[in-house]
Amino acid sequence: MKKFFAILLALLMALSVAACSSSPAEEPAASEPTEAPATEAPSEEPAAEEPAAEEPAAEEPASADGTYEIALVTDVGNIDDKSFNQGSWEGVVEYAEANGITYSYYRPSEDSTEARIESIETAIDKGAKVIVMPGYLFGEAILTIQAEYPEVMFLGIDMGLADVPEPTSNVALITYQEEQAGYLAGYAAVQDGYRQLGFLGGIDVPAVIRYGYGFLQGANAAAVELGVADEVSVKYWYSGSFTPNDEIKTKMSGWYTEGTEVVFSCGGAIYLSAVGAAQEANAKVIGVDVDQSAESELIITSAMKELKNSVVMALTSLYDNGGTWPAEYAGTEQKLGAAQDCVGLPTAEGSWRLNNYTIEQYNELYAKVKSGEITISNDTENAPAVEIAVDYQND
């Protein structure tokens, strides 16, 4: 009998321990923005569907008073997105560290104007005097808050007057000459020997259209120069999304099956769908916005916006002017391109995967675009007149 009660008591104790260990952990409030100062680990876990925030170097000292002078508020995604957030963040880090200025990034809790404003105001509460915002989705947020915080300097990356029609003097907007980057990519692809090309656009906003029409102009210029205009063709399609999905992958698989050799994927993360299709077809992809060569061996080059350079240039002008925007930035839109070394193809070792077209030849072409000897149309209303065959598949 004593043995029975001993066994019973042991079972009851085990059940009690198991019940305690299975209690759910308390989740952070979903409505609060994730913020991660560059000198501290993030205070909250990011949303499950997005990549975790990159933690700063442990050796960086924390801000003495808990404030951060330069802040970046992320668009959809995080600072390791291999796109706008990451490129802009790298510019913030480079300038701030070179000049001994505290810096931080803040991540909205959701994809909405209200959440972006909440994160911007959190950054201001924590001492931000300069706020960098990558992506046109911040346009409405800037219009809402620009007059409320006249002492705060706002920098909109890839935002123009179409997104912020009446910027105040504490707002600087930067857009890019995407047609130049697209031209360089199209020219390089044809010079390298590709004859059946594709352009996969995301949503047909002006920046994407400029990339695409520039790509056609560059491919055409190379084809005419080589005397192969009758051999070069381009399939052209806007997917209507910046998110990878099965429809895009199926479409790209069809293109590759029909003979397309390389696709210029232009629209955020949709390159993942293009790469997935290219892997199955042993074909190639051209990346966009940043050097995407690390994402896949199949990415032969990328039509880039030099986001880091743009942010460093803007912050340098700001601080050289005593902490307010100089006339060329204040309440205006800067359109950056080759003349400012703010668009181009990556030439670093490992990024250049073109076999016949050389870096030396590319540099010669770039110099002509930079000087204005080669001009590229930025018209987004009318497709460029070209001699190569273009199959517009949204018509």
# chains A, B, ... in the order shown; residues from 1 in each chain; ligands from 1
call {"tool": "residues_around", "arguments": {"residues": "Leu298 (chain A)", "least_positions_apart": "4", "cutoff": "12 Å", "atoms": "only C-alpha atoms", "output": "list of chain:residue names"}}
result
A:Glu261, A:Val262, A:Val263, A:Phe264, A:Tyr271, A:Leu272, A:Ala274, A:Val275, A:Gly276, A:Ala277, A:Ala278, A:Gln279, A:Glu280, A:Ala281, A:Asn282, A:Ala283, A:Lys284, A:Val285, A:Ile286, A:Gly287, A:Gln292, A:Ser293, A:Ala294, A:Ser302, A:Gly350, A:Ser351, A:Trp352, A:Arg353, A:Leu354
call {"tool": "residues_around", "arguments": {"residues": "region 377-382 of chain A", "least_positions_apart": "3", "cutoff": "10 Å", "atoms": "only C-alpha atoms", "output": "JSON list (two decimals) with C-alpha atoms, in the first residue's frame"}}
result
[["chain", "number", "residue", "atom", "x", "y", "z"],
["A", 177, "GLN", "CA", 17.31, 57.91, -63.65],
["A", 178, "GLU", "CA", 16.33, 54.26, -63.88],
["A", 179, "GLU", "CA", 16.31, 54.46, -67.66],
["A", 180, "GLN", "CA", 20.10, 54.80, -67.55],
["A", 183, "TYR", "CA", 19.99, 50.89, -70.69],
["A", 204, "ASP", "CA", 3.90, 49.58, -63.79],
["A", 205, "VAL", "CA", 4.81, 52.65, -61.75],
["A", 206, "PRO", "CA", 7.05, 55.24, -63.45],
["A", 207, "ALA", "CA", 10.31, 53.90, -61.96],
["A", 208, "VAL", "CA", 9.61, 50.38, -63.25],
["A", 209, "ILE", "CA", 8.59, 51.70, -66.66],
["A", 210, "ARG", "CA", 11.79, 53.74, -66.92],
["A", 211, "TYR", "CA", 13.83, 50.63, -66.12],
["A", 212, "GLY", "CA", 11.99, 48.65, -68.78],
["A", 213, "TYR", "CA", 12.08, 51.25, -71.55],
["A", 214, "GLY", "CA", 15.74, 51.93, -70.78],
["A", 217, "GLN", "CA", 16.86, 51.17, -75.65],
["A", 385, "ALA", "CA", 11.06, 53.27, -81.07]]
call {"tool": "residues_around", "arguments": {"residues": "Tyr392 (chain A)", "least_positions_apart": "5", "cutoff": "8 Å", "atoms": "only C-alpha atoms", "output": "ChimeraX atom specification"}}
result
/A:235-237
call {"tool": "select_by_dssp", "arguments": {"residues": "region 137-250 of chain A", "states": "helix (DSSP H, G or I)", "output": "ChimeraX atom specification"}}
result
/A:137-145,178-191,206-226,246-250
call {"tool": "select_by_dssp", "arguments": {"residues": "region 68-199 of chain A", "states": "strand (DSSP E)", "output": "mmCIF file with N, CA and C atoms, in the first residue's frame"}}
result
data_model
loop_
_atom_site.group_PDB
_atom_site.id
_atom_site.type_symbol
_atom_site.label_atom_id
_atom_site.label_comp_id
_atom_site.auth_asym_id
_atom_site.auth_seq_id
_atom_site.Cartn_x
_atom_site.Cartn_y
_atom_site.Cartn_z
ATOM 1 N N ILE A 70 20.303 60.298 -36.086
ATOM 2 C CA ILE A 70 19.871 59.931 -37.439
ATOM 3 C C ILE A 70 19.083 58.635 -37.345
ATOM 4 N N ALA A 71 17.878 58.630 -37.911
ATOM 5 C CA ALA A 71 17.035 57.441 -37.865
ATOM 6 C C ALA A 71 16.612 57.037 -39.262
ATOM 7 N N LEU A 72 16.515 55.745 -39.486
ATOM 8 C CA LEU A 72 15.909 55.221 -40.712
ATOM 9 C C LEU A 72 14.652 54.457 -40.313
ATOM 10 N N VAL A 73 13.558 54.748 -40.987
ATOM 11 C CA VAL A 73 12.326 53.988 -40.789
ATOM 12 C C VAL A 73 12.162 53.087 -42.002
ATOM 13 N N TYR A 103 22.912 56.726 -34.367
ATOM 14 C CA TYR A 103 21.959 56.363 -35.413
ATOM 15 C C TYR A 103 21.163 55.137 -35.001
ATOM 16 N N SER A 104 20.000 54.970 -35.638
ATOM 17 C CA SER A 104 19.068 53.915 -35.244
ATOM 18 C C SER A 104 18.129 53.609 -36.406
ATOM 19 N N TYR A 105 17.499 52.445 -36.349
ATOM 20 C CA TYR A 105 16.427 52.195 -37.318
ATOM 21 C C TYR A 105 15.179 51.744 -36.587
ATOM 22 N N TYR A 106 14.026 52.004 -37.197
ATOM 23 C CA TYR A 106 12.720 51.699 -36.611
ATOM 24 C C TYR A 106 11.875 50.988 -37.660
ATOM 25 N N ARG A 107 11.168 49.984 -37.205
ATOM 26 C CA ARG A 107 10.417 49.139 -38.125
ATOM 27 C C ARG A 107 8.918 49.200 -37.827
ATOM 28 N N VAL A 130 17.171 63.780 -37.967
ATOM 29 C CA VAL A 130 17.126 63.455 -39.392
ATOM 30 C C VAL A 130 16.471 62.088 -39.540
ATOM 31 N N ILE A 131 15.500 61.975 -40.436
ATOM 32 C CA ILE A 131 14.823 60.694 -40.639
ATOM 33 C C ILE A 131 14.871 60.330 -42.116
ATOM 34 N N VAL A 132 15.429 59.165 -42.413
ATOM 35 C CA VAL A 132 15.556 58.653 -43.770
ATOM 36 C C VAL A 132 14.443 57.638 -44.005
ATOM 37 N N MET A 133 13.733 57.784 -45.128
ATOM 38 C CA MET A 133 12.602 56.910 -45.425
ATOM 39 C C MET A 133 12.716 56.368 -46.844
ATOM 40 N N PRO A 134 13.013 55.082 -47.016
ATOM 41 C CA PRO A 134 13.156 54.517 -48.359
ATOM 42 C C PRO A 134 11.834 53.983 -48.914
ATOM 43 N N MET A 153 14.589 67.076 -40.131
ATOM 44 C CA MET A 153 14.872 66.998 -41.557
ATOM 45 C C MET A 153 14.499 65.612 -42.079
ATOM 46 N N PHE A 154 13.677 65.568 -43.102
ATOM 47 C CA PHE A 154 13.199 64.313 -43.681
ATOM 48 C C PHE A 154 13.871 64.081 -45.025
ATOM 49 N N LEU A 155 14.300 62.835 -45.265
ATOM 50 C CA LEU A 155 14.912 62.448 -46.538
ATOM 51 C C LEU A 155 14.131 61.288 -47.131
ATOM 52 N N GLY A 156 13.473 61.526 -48.254
ATOM 53 C CA GLY A 156 12.711 60.478 -48.938
ATOM 54 C C GLY A 156 13.525 59.888 -50.071
ATOM 55 N N ILE A 157 13.778 58.596 -50.009
ATOM 56 C CA ILE A 157 14.556 57.898 -51.026
ATOM 57 C C ILE A 157 13.612 57.222 -52.014
ATOM 58 N N VAL A 171 12.061 68.923 -46.122
ATOM 59 C CA VAL A 171 11.929 67.642 -46.832
ATOM 60 C C VAL A 171 12.817 67.662 -48.077
ATOM 61 N N ALA A 172 13.620 66.624 -48.239
ATOM 62 C CA ALA A 172 14.420 66.427 -49.454
ATOM 63 C C ALA A 172 14.003 65.114 -50.099
ATOM 64 N N LEU A 173 13.799 65.129 -51.398
ATOM 65 C CA LEU A 173 13.349 63.945 -52.121
ATOM 66 C C LEU A 173 14.405 63.534 -53.138
ATOM 67 N N ILE A 174 14.623 62.224 -53.242
ATOM 68 C CA ILE A 174 15.598 61.694 -54.201
ATOM 69 C C ILE A 174 14.931 60.650 -55.082
ATOM 70 N N THR A 175 15.046 60.847 -56.386
ATOM 71 C CA THR A 175 14.632 59.824 -57.348
ATOM 72 C C THR A 175 15.832 59.518 -58.235
ATOM 73 N N TYR A 176 15.656 58.543 -59.129
ATOM 74 C CA TYR A 176 16.785 58.055 -59.924
ATOM 75 C C TYR A 176 16.433 58.015 -61.405
ATOM 76 N N GLN A 196 17.674 36.432 -77.023
ATOM 77 C CA GLN A 196 16.260 36.349 -76.632
ATOM 78 C C GLN A 196 16.155 36.765 -75.162
ATOM 79 N N LEU A 197 15.622 37.960 -74.963
ATOM 80 C CA LEU A 197 15.597 38.583 -73.648
ATOM 81 C C LEU A 197 14.162 38.701 -73.138
ATOM 82 N N GLY A 198 14.045 38.945 -71.836
ATOM 83 C CA GLY A 198 12.737 39.199 -71.245
ATOM 84 C C GLY A 198 12.819 40.335 -70.247
ATOM 85 N N PHE A 199 11.751 41.114 -70.160
ATOM 86 C CA PHE A 199 11.636 42.123 -69.103
ATOM 87 C C PHE A 199 10.427 41.783 -68.255
#
call {"tool": "atom_distance", "arguments": {"atom1": "CA of Trp255 (chain A)", "atom2": "CA of Lys305 (chain A)"}}
result
26.9 Å
call {"tool": "residues_around", "arguments": {"residues": "Leu315 (chain A)", "least_positions_apart": "2", "cutoff": "12 Å", "atoms": "only C-alpha atoms", "output": "PyMOL selection string"}}
result
chain A and resi 69-71+88+91-96+98-99+101+129-132+153-156+172+308-313+317-326+329
call {"tool": "residues_around", "arguments": {"residues": "Tyr362 (chain A)", "least_positions_apart": "5", "cutoff": "9 Å", "atoms": "only C-alpha atoms", "output": "ChimeraX atom specification"}}
result
/A:184,188,345,357,367
call {"tool": "closest_residue", "arguments": {"among": "A:Tyr68, A:Leu143, A:Gly87, A:Gly160", "to": "Ala123 (chain A)", "atoms": "only C-alpha atoms"}}
result
A:Tyr68
